[in-house]
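Here the structure is laid out as structure tokens; the discussion comes afterwards.
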Amino acid sequence: MPDFIYCKMEIFIPESHLPALQAALQSVDAGHIGQYDSCLSYSQVTGCWRPLAGTHPYLGKENEICSAPELKVEVTCRTADIDRTLVAVKAVHPYEEPVINVIPLYRTGL
């Protein structure tokens, strides 16, 4: 089994929270690649959800499909730093249950 030294995190977040997310990622050295710091990429996407009874803080009408623009942010971090990176991201993330995907990377820097 190969050692996965790095992983890629995909974080879905409102565009208004990008500066806070960048600062949080920088505080745990996520996105440090070679002699560059705070490296990340993002793309605009549309998030969809359906609020159920008792959800908070979701907007929209109960049991109706809603959508809104958001960003999909991708950043690389060391696998050993996943836990502290997740803590930093969740501290600035506005969603009740943030969507954060962690994907192991094999043979980076090809």
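Just so we're on the same page: first chain in the structure tokens is A, next is B, and so on; residues restart at 1 for each chain, and ligands are numbered from 1 in the order they show up.
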
Within 7 Å of stretch 83-102 of chain A, which residues of stretch 15-52 of chain A come that close, and what is the closest atom pair and distance in Å for each? Count only C-alpha atoms and give it as CSV.
residue,atom,partner,partner_atom,distance
A:Ala20,CA,A:Val92,CA,6.3
A:Leu21,CA,A:Val92,CA,6.4
A:Ala24,CA,A:Ala88,CA,5.5
A:Leu25,CA,A:Thr85,CA,6.8
A:Val28,CA,A:Thr85,CA,6.1

Would you mind exporting the chosen residues as a PDB file, in the first residue's frame, restricted to all heavy atoms?
ATOM      1  N   ALA A  20     -12.058  34.395   4.647  1.00  0.00           N
ATOM      2  CA  ALA A  20     -11.903  33.731   5.952  1.00  0.00           C
ATOM      3  C   ALA A  20     -11.373  32.317   5.776  1.00  0.00           C
ATOM      4  O   ALA A  20     -10.537  31.852   6.563  1.00  0.00           O
ATOM      5  CB  ALA A  20     -13.237  33.704   6.695  1.00  0.00           C
ATOM      6  N   LEU A  21     -11.829  31.619   4.734  1.00  0.00           N
ATOM      7  CA  LEU A  21     -11.337  30.273   4.468  1.00  0.00           C
ATOM      8  C   LEU A  21      -9.856  30.305   4.105  1.00  0.00           C
ATOM      9  O   LEU A  21      -9.076  29.488   4.596  1.00  0.00           O
ATOM     10  CB  LEU A  21     -12.144  29.615   3.348  1.00  0.00           C
ATOM     11  CG  LEU A  21     -11.685  28.224   2.931  1.00  0.00           C
ATOM     12  CD1 LEU A  21     -11.799  27.238   4.087  1.00  0.00           C
ATOM     13  CD2 LEU A  21     -12.476  27.744   1.726  1.00  0.00           C
ATOM     14  N   ALA A  24      -7.889  30.752   7.236  1.00  0.00           N
ATOM     15  CA  ALA A  24      -7.910  29.533   8.055  1.00  0.00           C
ATOM     16  C   ALA A  24      -6.969  28.479   7.486  1.00  0.00           C
ATOM     17  O   ALA A  24      -6.228  27.825   8.229  1.00  0.00           O
ATOM     18  CB  ALA A  24      -9.334  28.987   8.145  1.00  0.00           C
ATOM     19  N   LEU A  25      -6.985  28.310   6.167  1.00  0.00           N
ATOM     20  CA  LEU A  25      -6.100  27.333   5.535  1.00  0.00           C
ATOM     21  C   LEU A  25      -4.634  27.729   5.696  1.00  0.00           C
ATOM     22  O   LEU A  25      -3.778  26.887   5.963  1.00  0.00           O
ATOM     23  CB  LEU A  25      -6.457  27.172   4.056  1.00  0.00           C
ATOM     24  CG  LEU A  25      -7.806  26.517   3.773  1.00  0.00           C
ATOM     25  CD1 LEU A  25      -8.184  26.664   2.304  1.00  0.00           C
ATOM     26  CD2 LEU A  25      -7.800  25.057   4.189  1.00  0.00           C
ATOM     27  N   VAL A  28      -2.936  26.841   9.073  1.00  0.00           N
ATOM     28  CA  VAL A  28      -2.510  25.449   9.309  1.00  0.00           C
ATOM     29  C   VAL A  28      -1.590  24.956   8.190  1.00  0.00           C
ATOM     30  O   VAL A  28      -1.343  23.763   8.069  1.00  0.00           O
ATOM     31  CB  VAL A  28      -3.725  24.502   9.479  1.00  0.00           C
ATOM     32  CG1 VAL A  28      -4.471  24.806  10.765  1.00  0.00           C
ATOM     33  CG2 VAL A  28      -4.649  24.559   8.279  1.00  0.00           C
TER      34      VAL A  28
END

Any idea what's packed within 10 Å of A:Gly47, counting only C-alpha atoms, ignoring anything in its chain fewer than 2 positions away? Could you give it as a ChimeraX atom specification? /A:12-14,44-45,49,66-72

Computed interatomic separation between atom CA of A:Tyr106 and atom CA of A:Cys77 (Å):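 Distance between the two atoms: 12.8 Å.
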
Choose the residue, out of A:Cys48, A:Ala80, A:Ala53, A:Asp3, that has the smallest atom-to-atom separation from A:Ile65; count only C-alpha atoms. A:Cys48

Check stretch 6-42 of chain A with DSSP on the backbone and list each residue it calls alpha helix (DSSP H), as an NGL selection string. :A and (18-27)

Smallest atom-to-atom distance to A:Lys8: which of A:Gln22, A:Gly31, A:Lys61, A:Ser38, using only C-alpha atoms?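 Going through A:Gln22, A:Gly31, A:Lys61, A:Ser38 one by one, the smallest distance to A:Lys8 is for A:Gly31.
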